[in-house]
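Structure file run_6.txt (compact mmCIF, C-alpha atoms) is printed below.
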# COMPACT_ATOMS: atom_id res chain seq x y z
CA MET F 2 95.48 -113.85 -132.54
CA ASN F 3 92.55 -115.49 -130.77
CA LYS F 4 93.64 -113.94 -127.46
CA SER F 5 93.75 -110.47 -129.04
CA LEU F 6 90.33 -110.99 -130.59
CA ALA F 7 88.93 -112.01 -127.21
CA TRP F 8 90.29 -108.80 -125.63
CA ILE F 9 88.75 -106.70 -128.40
CA ILE F 10 85.36 -108.37 -127.97
CA ALA F 11 85.52 -107.91 -124.19
CA PHE F 12 86.41 -104.23 -124.61
CA ILE F 13 83.52 -103.65 -127.05
CA ALA F 14 81.10 -105.41 -124.70
CA ALA F 15 82.26 -103.31 -121.74
CA ALA F 16 81.94 -100.10 -123.75
CA ALA F 17 78.46 -101.07 -124.89
CA SER F 18 77.42 -101.85 -121.31
CA PHE F 19 78.71 -98.48 -120.15
CA ALA F 20 76.83 -96.65 -122.92
CA ILE F 21 73.60 -98.45 -122.10
CA ALA F 22 73.99 -97.70 -118.40
CA PHE F 23 74.62 -94.03 -119.19
CA LEU F 24 71.46 -93.81 -121.31
CA ILE F 25 69.42 -95.45 -118.58
CA PHE F 26 70.75 -93.61 -115.55
CA ALA F 27 71.89 -90.25 -116.91
CA PRO F 28 69.69 -87.34 -115.78
CA ARG F 29 67.07 -86.41 -118.37
CA PRO F 30 66.40 -82.79 -119.31
CA HIS F 31 63.05 -81.55 -118.06
CA PHE F 32 60.47 -79.34 -119.72
CA ASN F 33 57.28 -79.26 -117.59
CA TRP F 34 56.81 -77.63 -114.20
CA LEU F 35 54.34 -76.48 -111.58
CA ASP F 36 55.53 -72.86 -111.75
CA PHE F 37 53.48 -71.50 -108.87
CA TYR F 38 50.53 -72.29 -106.61
CA ASP F 39 48.59 -70.64 -103.82
CA GLY F 40 46.40 -72.49 -101.32
CA LYS F 41 46.08 -76.26 -101.10
CA VAL F 42 47.36 -78.06 -104.22
CA GLU F 43 48.40 -81.70 -104.73
CA VAL F 44 50.04 -83.73 -107.47
CA LEU F 45 48.44 -87.14 -108.09
CA LYS F 46 50.92 -89.61 -109.58
CA ALA F 47 50.09 -92.35 -112.05
CA ASP F 48 50.62 -94.98 -109.32
CA LYS F 49 47.87 -93.28 -107.21
CA THR F 50 50.31 -91.77 -104.71
CA VAL F 51 49.74 -88.15 -103.70
CA GLU F 52 52.57 -85.62 -103.42
CA PRO F 53 52.35 -82.11 -101.98
CA ALA F 54 52.79 -79.22 -104.36
CA SER F 55 55.98 -77.19 -104.43
CA ILE F 56 57.04 -74.24 -106.55
CA LYS F 57 58.95 -75.37 -109.64
CA LYS F 58 57.96 -78.99 -109.03
CA LYS F 59 58.75 -81.20 -112.01
CA LEU F 60 55.69 -82.70 -113.67
CA TYR F 61 55.54 -85.88 -115.74
CA ARG F 62 53.24 -87.61 -118.17
CA ASP F 63 50.08 -88.98 -116.47
CA ASP F 64 50.52 -86.71 -113.45
CA SER F 65 47.38 -84.89 -112.33
CA VAL F 66 47.40 -81.53 -110.56
CA LYS F 67 44.52 -80.97 -108.15
CA THR F 68 43.46 -77.69 -106.56
CA HIS F 69 41.16 -77.40 -103.56
CA GLU F 70 38.82 -74.62 -102.48
CA ASN F 71 40.24 -71.07 -102.71
CA SER F 72 43.38 -72.42 -104.41
CA VAL F 73 45.08 -71.87 -107.76
CA ALA F 74 47.95 -73.47 -109.69
CA TYR F 75 49.99 -72.55 -112.77
CA ILE F 76 51.55 -75.24 -114.98
CA GLN F 77 54.16 -74.47 -117.64
CA CYS F 78 54.64 -76.82 -120.60
CA GLY F 79 57.96 -76.12 -122.30
CA ALA F 80 58.68 -72.48 -123.10
CA ASP F 81 55.38 -71.84 -124.88
CA GLY F 82 52.40 -72.88 -122.76
CA LEU F 83 50.98 -71.70 -119.42
CA ILE F 84 47.89 -73.23 -117.78
CA GLN F 85 45.94 -71.76 -114.87
CA LEU F 86 43.91 -74.19 -112.75
CA PHE F 87 41.03 -72.63 -110.86
CA GLU F 88 39.78 -73.85 -107.48
CA ASN F 89 38.36 -77.36 -107.15
CA THR F 90 39.96 -78.45 -110.41
CA GLU F 91 41.83 -81.58 -111.45
CA LEU F 92 43.85 -81.63 -114.67
CA ARG F 93 45.73 -84.65 -116.05
CA LEU F 94 48.82 -84.36 -118.25
CA ASP F 95 48.27 -87.00 -120.96
CA THR F 96 51.00 -85.99 -123.42
CA LEU F 97 53.82 -83.55 -122.70
CA PRO F 98 56.39 -81.77 -124.89
CA ASN F 99 59.83 -83.37 -125.12
CA SER F 100 61.74 -80.11 -125.55
CA LEU F 101 61.64 -76.47 -124.48
CA SER F 102 60.35 -75.69 -127.98
CA SER F 103 56.91 -76.98 -127.02
CA ALA F 104 55.46 -75.09 -130.00
CA GLU F 105 56.98 -77.88 -132.11
CA ASP F 106 55.72 -80.77 -129.93
CA ALA F 107 52.40 -82.40 -129.09
CA THR F 108 50.68 -81.59 -125.79
CA VAL F 109 47.41 -83.13 -124.59
CA VAL F 110 45.77 -82.38 -121.23
CA GLU F 111 42.39 -83.36 -119.78
CA VAL F 112 40.27 -81.41 -117.33
CA ILE F 113 38.84 -84.14 -115.12
CA ARG F 114 36.77 -81.68 -113.09
CA GLY F 115 36.54 -77.94 -112.67
CA GLY F 116 38.02 -75.45 -115.12
CA ALA F 117 41.33 -74.21 -116.52
CA SER F 118 42.53 -71.31 -118.65
CA PHE F 119 45.28 -71.68 -121.24
CA PHE F 120 47.80 -69.37 -122.88
CA ILE F 121 49.49 -71.10 -125.84
CA GLU F 122 52.13 -69.40 -127.97
CA LYS F 123 51.80 -69.67 -131.76
CA LEU F 124 52.52 -73.28 -132.73
CA THR F 125 54.64 -74.40 -135.66
CA ASP F 126 53.38 -76.84 -138.31
CA LYS F 127 54.88 -79.67 -136.25
CA GLY F 128 53.24 -78.64 -132.98
CA SER F 129 49.79 -79.33 -131.55
CA PHE F 130 47.93 -78.56 -128.32
CA GLN F 131 44.69 -80.23 -127.27
CA ALA F 132 42.57 -79.94 -124.14
CA LYS F 133 39.80 -82.43 -123.31
CA VAL F 134 36.75 -82.28 -121.07
CA ALA F 135 34.31 -85.22 -120.84
CA GLY F 136 34.76 -86.37 -124.44
CA VAL F 137 34.86 -82.84 -125.91
CA ARG F 138 38.21 -81.91 -127.44
CA ALA F 139 39.56 -78.41 -128.13
CA ALA F 140 42.52 -77.99 -130.51
CA VAL F 141 44.45 -74.74 -130.85
CA ARG F 142 47.24 -73.21 -132.92
CA GLY F 143 48.06 -70.38 -130.53
CA THR F 144 45.48 -68.69 -128.35
CA MET F 145 44.13 -67.79 -124.92
CA PHE F 146 41.05 -69.78 -123.94
CA HIS F 147 39.16 -71.33 -121.02
CA PHE F 148 37.69 -74.83 -120.80
CA GLN F 149 35.47 -76.09 -118.01
CA GLU F 150 33.01 -78.75 -116.96
CA ARG F 151 29.79 -77.19 -115.73
CA GLY F 152 27.36 -79.84 -114.49
CA SER F 153 26.41 -81.97 -117.49
CA SER F 154 27.74 -79.44 -120.00
CA GLN F 155 31.16 -78.31 -121.22
CA VAL F 156 32.03 -74.67 -121.85
CA VAL F 157 34.74 -73.27 -124.16
CA MET F 158 35.54 -69.55 -123.96
CA VAL F 159 38.04 -67.87 -126.31
CA SER F 160 39.70 -64.56 -125.50
CA GLU F 161 42.38 -64.54 -128.24
CA GLY F 162 42.88 -66.61 -131.39
CA ALA F 163 40.47 -69.43 -132.21
CA VAL F 164 39.69 -72.93 -130.94
CA SER F 165 38.50 -75.93 -132.97
CA VAL F 166 36.02 -78.06 -131.00
CA LYS F 167 34.90 -81.61 -131.74
CA SER F 168 33.28 -84.58 -130.02
CA ASP F 169 35.28 -87.80 -129.56
CA LYS F 170 31.98 -89.71 -130.04
CA GLY F 171 30.72 -87.65 -132.97
CA ALA F 172 27.87 -86.14 -130.95
CA PHE F 173 28.08 -82.89 -132.95
CA THR F 174 29.79 -81.51 -136.05
CA GLU F 175 33.23 -80.01 -135.50
CA PHE F 176 33.13 -76.21 -135.25
CA THR F 177 35.36 -73.23 -134.44
CA VAL F 178 34.98 -70.76 -131.59
CA GLU F 179 36.43 -67.37 -132.50
CA ALA F 180 37.89 -64.75 -130.17
CA GLY F 181 35.26 -63.02 -128.04
CA ARG F 182 32.87 -65.99 -128.23
CA LYS F 183 31.98 -68.98 -126.07
CA ALA F 184 30.32 -72.32 -126.73
CA GLU F 185 28.16 -74.25 -124.28
CA ILE F 186 27.85 -77.93 -125.16
CA GLU F 187 25.40 -80.39 -123.66
CA GLY F 188 25.22 -83.72 -125.45
CA LYS F 189 24.35 -82.96 -129.07
CA GLU F 190 23.28 -79.39 -128.36
CA VAL F 191 25.73 -76.54 -129.03
CA LYS F 192 25.02 -72.91 -128.17
CA VAL F 193 27.49 -70.20 -129.24
CA SER F 194 27.25 -66.67 -127.85
CA ALA F 195 29.38 -63.62 -127.07
CA LEU F 196 31.60 -63.50 -124.00
CA GLY F 197 30.09 -61.46 -121.16
CA LYS F 198 31.72 -59.21 -118.58
CA GLU F 199 31.40 -62.02 -116.05
CA ASP F 200 33.69 -64.20 -118.21
CA GLU F 201 36.66 -61.83 -117.94
CA LYS F 202 37.56 -63.37 -114.56
CA TYR F 203 38.77 -66.48 -116.41
CA PHE F 204 41.43 -64.48 -118.30
CA LYS F 205 42.35 -61.67 -115.90
CA ASN F 206 45.38 -63.36 -114.35
CA LEU F 207 46.74 -64.89 -117.56
CA ARG F 208 46.80 -61.43 -119.14
CA GLU F 209 49.37 -60.49 -116.49
CA LEU F 210 51.52 -63.58 -117.09
CA ARG F 211 53.38 -65.44 -119.79
CA PRO F 212 55.42 -68.66 -119.81
CA VAL F 213 58.57 -67.90 -117.81
CA ALA F 214 61.62 -67.60 -120.05
CA GLY F 215 64.58 -69.44 -118.56
CA VAL F 216 62.34 -71.32 -116.10
CA TRP F 217 64.70 -74.32 -116.12
CA CYS F 218 67.42 -72.28 -114.40
CA ALA F 219 65.31 -69.88 -112.33
CA PRO F 220 65.37 -70.63 -108.60
CA PRO F 221 61.95 -71.33 -107.00
CA GLU F 222 62.11 -68.16 -104.91
CA HIS F 223 62.46 -66.10 -108.09
CA LEU F 224 59.36 -67.74 -109.57
CA GLU F 225 57.40 -67.10 -106.39
CA ARG F 226 58.35 -63.42 -106.32
CA TYR F 227 57.51 -63.03 -110.00
CA PHE F 228 54.05 -64.62 -109.76
CA ARG F 229 53.14 -62.86 -106.53
CA TRP F 230 54.20 -59.52 -107.96
CA ARG F 231 52.27 -59.96 -111.22
CA LEU F 232 49.17 -61.27 -109.42
CA GLY F 233 49.22 -58.72 -106.62
CA LEU F 234 49.74 -61.32 -103.89
CA LYS F 235 51.71 -60.58 -100.75
CA MET F 236 54.81 -62.56 -99.96
CA PRO F 237 54.32 -64.90 -96.98
CA GLU F 238 55.77 -63.73 -93.70
CA PRO F 239 59.32 -65.09 -93.20
CA GLN F 240 59.73 -67.74 -90.53
CA LYS F 241 61.43 -66.28 -87.48
CA GLY F 242 64.36 -67.73 -85.63
CA LYS F 243 66.04 -69.54 -88.52
CA ALA F 244 68.37 -66.85 -89.88
CA GLU F 245 71.60 -65.96 -88.16
CA PRO F 246 71.58 -62.48 -86.62
CA GLY F 247 72.75 -59.92 -89.16
CA ALA F 248 72.83 -62.47 -91.99
CA LYS F 249 72.18 -61.08 -95.47
CA LYS F 250 69.60 -62.68 -97.72
CA PRO F 251 71.39 -63.74 -100.93
CA LEU F 252 70.19 -62.62 -104.31
CA ALA F 253 68.71 -65.14 -106.69
CA GLY F 254 71.52 -67.48 -107.74
CA GLU F 255 74.07 -65.90 -105.37
CA GLU F 256 74.68 -68.96 -103.18
CA ASN F 257 77.83 -69.95 -105.07
CA ALA F 258 79.00 -66.51 -106.11
CA ASP F 259 82.76 -66.07 -106.24
CA ASP F 260 82.62 -62.27 -106.10
CA PRO F 261 80.76 -60.04 -103.65
CA VAL F 262 77.21 -58.76 -103.97
CA PRO F 263 77.42 -55.57 -106.05
CA ALA F 264 77.16 -52.32 -104.12
CA SER F 265 75.39 -50.72 -107.09
CA VAL F 266 73.00 -52.10 -109.68
CA ARG F 267 74.37 -54.59 -112.19
CA LEU F 268 72.47 -56.13 -115.08
CA LEU F 269 73.15 -59.75 -115.95
CA VAL F 270 72.28 -60.75 -119.51
CA THR F 271 71.33 -64.44 -119.70
CA ARG F 272 71.27 -66.47 -122.88
CA LEU F 273 67.93 -66.31 -124.69
CA THR F 274 65.76 -69.41 -124.82
CA ALA F 275 65.87 -70.96 -128.30
CA ASN F 276 62.32 -71.55 -129.55
CA GLY F 277 62.41 -73.07 -133.02
CA VAL F 278 65.96 -71.86 -133.71
CA ASP F 279 69.24 -73.58 -132.93
CA GLU F 280 71.20 -72.85 -129.78
CA ALA F 281 74.05 -71.25 -131.75
CA GLU F 282 71.70 -68.61 -133.17
CA ALA F 283 70.25 -67.92 -129.70
CA GLU F 284 73.78 -67.51 -128.32
CA THR F 285 74.75 -65.12 -131.14
CA VAL F 286 71.70 -62.90 -130.61
CA SER F 287 72.25 -62.96 -126.82
CA GLN F 288 75.84 -61.82 -127.30
CA LYS F 289 74.71 -59.03 -129.63
CA LEU F 290 72.19 -57.78 -127.05
CA PHE F 291 74.87 -57.95 -124.37
CA GLY F 292 77.32 -56.00 -126.52
CA ALA F 293 74.70 -53.36 -127.31
CA VAL F 294 73.82 -52.84 -123.63
CA VAL F 295 77.52 -52.65 -122.71
CA ALA F 296 78.04 -50.02 -125.40
CA ALA F 297 75.11 -48.03 -124.04
CA LYS F 298 75.77 -48.38 -120.29
CA GLY F 299 79.35 -49.49 -119.74
CA ALA F 300 81.13 -52.78 -119.00
CA ASP F 301 81.11 -52.19 -115.23
CA LYS F 302 77.30 -52.24 -115.19
CA VAL F 303 76.59 -55.24 -117.41
CA LEU F 304 77.61 -58.91 -117.14
CA TYR F 305 77.02 -61.94 -119.33
CA ARG F 306 76.59 -65.54 -118.25
CA ALA F 307 75.19 -68.60 -120.00
CA ALA F 308 71.73 -69.49 -118.70
CA GLY F 309 71.81 -70.66 -115.11
CA GLU F 310 74.80 -68.63 -113.81
CA ARG F 311 73.14 -65.60 -112.24
CA ARG F 312 75.93 -64.30 -110.02
CA SER F 313 76.68 -60.82 -108.71
CA ALA F 314 73.58 -59.34 -110.31
CA ASN F 315 70.52 -57.61 -108.98
CA ARG F 316 68.88 -57.16 -112.39
CA LEU F 317 68.39 -60.01 -114.88
CA LEU F 318 67.75 -59.74 -118.61
CA THR F 319 65.99 -62.87 -119.84
CA GLY F 320 63.92 -63.75 -122.87
CA ARG F 321 63.54 -65.93 -125.91
CA ILE F 322 64.09 -65.94 -129.66
CA SER F 323 61.37 -67.64 -131.71
CA ARG F 324 60.99 -68.51 -135.38
CA LEU F 325 57.78 -67.85 -137.28
CA GLY F 326 58.39 -68.78 -140.89
CA ALA F 327 61.15 -66.49 -142.15
CA THR F 328 60.68 -64.09 -139.23
CA ARG F 329 62.62 -64.06 -135.99
CA ILE F 330 60.84 -62.74 -132.87
CA VAL F 331 62.94 -61.67 -129.88
CA ALA F 332 61.13 -61.00 -126.59
CA VAL F 333 63.18 -59.76 -123.62
CA SER F 334 62.43 -58.67 -120.06
CA VAL F 335 64.50 -57.08 -117.31
CA VAL F 336 63.57 -58.46 -113.89
CA ASP F 337 64.42 -57.25 -110.39
CA GLY F 338 66.45 -60.07 -108.84
CA GLN F 339 64.98 -59.44 -105.38
CA SER F 340 61.28 -58.69 -105.90
CA GLY F 341 60.79 -60.58 -109.17
CA GLY F 342 59.16 -57.47 -110.63
CA VAL F 343 59.39 -56.87 -114.37
CA LEU F 344 61.10 -53.51 -114.93
CA TYR F 345 61.20 -53.53 -118.73
CA SER F 346 59.89 -55.70 -121.55
CA LYS F 347 60.14 -55.45 -125.31
CA THR F 348 59.47 -57.57 -128.40
CA VAL F 349 61.16 -56.96 -131.75
CA ASP F 350 61.07 -58.94 -134.99
CA TYR F 351 63.19 -59.13 -138.10
CA LYS F 352 63.48 -61.23 -141.24
CA GLU F 353 65.91 -64.11 -141.56
CA GLY F 354 69.19 -62.78 -142.96
CA GLU F 355 68.35 -59.18 -142.00
CA ASN F 356 70.95 -57.23 -140.05
CA ALA F 357 69.09 -56.59 -136.79
CA ASP F 358 71.93 -54.79 -134.99
CA ARG F 359 70.09 -51.47 -135.21
CA LYS F 360 67.03 -52.97 -133.52
CA PHE F 361 69.16 -54.52 -130.78
CA GLY F 362 70.84 -51.15 -130.32
CA ALA F 363 67.44 -49.48 -129.90
CA VAL F 364 66.46 -52.04 -127.24
CA ALA F 365 69.76 -51.46 -125.44
CA ALA F 366 69.22 -47.69 -125.54
CA GLU F 367 65.75 -48.09 -124.02
CA ILE F 368 67.10 -50.34 -121.26
CA SER F 369 69.90 -47.88 -120.57
CA ALA F 370 67.39 -45.03 -120.30
CA GLN F 371 65.02 -46.89 -117.95
CA GLY F 372 65.56 -45.32 -114.55
CA ALA F 373 63.78 -48.18 -112.74
CA VAL F 374 66.34 -50.66 -114.10
CA TRP F 375 69.33 -48.83 -112.63
CA GLU F 376 67.93 -47.41 -109.39

The structure given in the file should be rewritten as structure tokens.
Amino acid sequence: MNKSLAWIIAFIAAAASFAIAFLIFAPRPHFNWLDFYDGKVEVLKADKTVEPASIKKKLYRDDSVKTHENSVAYIQCGADGLIQLFENTELRLDTLPNSLSSAEDATVVEVIRGGASFFIEKLTDKGSFQAKVAGVRAAVRGTMFHFQERGSSQVVMVSEGAVSVKSDKGAFTEFTVEAGRKAEIEGKEVKVSALGKEDEKYFKNLRELRPVAGVWCAPPEHLERYFRWRLGLKMPEPQKGKAEPGAKKPLAGEENADDPVPASVRLLVTRLTANGVDEAEAETVSQKLFGAVVAAKGADKVLYRAAGERRSANRLLTGRISRLGATRIVAVSVVDGQSGGVLYSKTVDYKEGENADRKFGAVAAEISAQGAVWE
């Protein structure tokens, strides 16, 4: 009896050790990235080491991203936040979302120097987003705004939504900056005025962009093509002498394809990103969209893979499904797998429990009729 008990105890101890080791060493999911940069950009780690920037570089709490002269960087926090760093800017990531549904998490960033613009999707009651500059804190619920340090003053500009501004030291009474307005703060003095034409430069690029749906499975070259296309930037010249003569450049995600590159256009429907809904609901809606496009265009033209398996496709349908109270919001885009260009985009909404098949059918019909998608 004692010998059996000893074996049981040893087995339990071994199992516990294995579980602990798995929790410690298993790869963690990741939700924050340097989506794109142009020029000279560095990532400053918490231990003071400096790492060069790279497209789709993973970012962690207490990392700082630093841009130099004539440089720009774009940081994505979860599936719901995109930050543009202007030249000569340093931004520290103090608190980061712990899931793709960043609208339900807390995010805090600090502009150490320079300026940054922010696009934040509508947050849920559980979510929060704060940006800090020199003791001035801006809190948002979903908006597009710019925050910068300008000499001894701090400037908050709001293009969409509204921003609540307060002083960490109580230098001034908390106030709200509405869309189309800006606040200049110097010590206890606050001056609020209308945005001018010269302020549009802080929002121009973000109007062309949104957080990249499916960023966790998108290859870096796809992100680069997408950002360069949306921002009107040329692709860098390919390095000569490295490719084998006559070698074909694979499509995004084609490296491990087990069937040949399609001779004609194929559309690959990827699973929608779940933002505030469970994965099962996102999968169901994705399958419905896939079925509707197949019905409209034919099974030989449309494929379906779970997120991350983009094989034998030169067009990709990506997007997300979000929850706003009792409303579901589905945003989809069709992207050229080679250039990264967006060929079609659409947003539809419906109430929880509503049969949305007719709306999905309308989206499928529009995709089917888009000549640019199938050329």

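Between atom CA of F:Leu232 and atom CA of F:Thr271 there is a distance of 24.6 Å.
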
What box, with edges along x, y and z, holds each listed atom of stretch 51-57 of chain F when 8 Å is added on every side, and can you state its centre and edge lengths in Å to one decimal, as lines of an AutoDock Vina configuration file?
center_x = 54.3
center_y = -81.2
center_z = -105.8
size_x = 25.2
size_y = 29.9
size_z = 23.7

query: Hey, which of F:Val335, F:Arg138, F:Lys235, F:Val159 ends up closest to F:Glu175? Count all atoms listed in the file.
result: F:Arg138

- request: Would you mind reading off the distance between atom CA of F:Lys167 and atom CA of F:Glu190, one decimal, in Å?
  value: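 Those two atoms sit 12.3 Å apart.
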
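Of the listed residues (F:Trp230, F:Trp217, F:Phe291, F:Phe37), F:Phe37 comes nearest to F:Leu83; the distances count all atoms listed in the file.
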
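Put simply, atom CA of F:Glu282 is 22.4 Å away from atom CA of F:Ala366.
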
field: For F:Glu111, the nearest of the candidates F:Arg62, F:Arg267, F:Lys352, F:Arg182, counting all atoms listed in the file
entry: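 Of F:Arg62, F:Arg267, F:Lys352, F:Arg182, the one nearest F:Glu111, counting all atoms listed in the file, is F:Arg62.
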
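Comparing the minimum interatomic distances between F:Lys59 and each of F:Gly354, F:Gly181, F:Gly79, F:Gly40, counting only C-alpha atoms, we find that F:Gly79 sits nearest.
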
field: Sphere at (47.0, -80.2, -131.6), radius 8 Å, counting only C-alpha atoms: residues as a list of chain:residue names
entry: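 Applying the cut-off with only C-alpha atoms, one gets F:Ala107, F:Thr108, F:Val109, F:Gly128, F:Ser129, F:Phe130, F:Gln131, F:Ala140, F:Val141, F:Arg142.
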
query: With only C-alpha atoms as the atoms that count, which of F:Arg211, F:Lys123, F:Lys302, F:His69 lies nearest to F:Asp39?
result: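 Of all the options, F:His69 lies closest to F:Asp39.
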
- request: Pick out the residues sitting within 12 Å of F:Glu367, and hand them over as a ChimeraX atom specification; count only C-alpha atoms, and ignore anything fewer than 4 positions along from it in its own chain.
  value: /F:293-294,297-298,333-335,344-347,360-363,371-375

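Each of F:Asn33, F:Gly82, F:Leu92, F:Val51 was compared to F:Thr68 using only C-alpha atoms, and F:Leu92 turns out to be the nearest.
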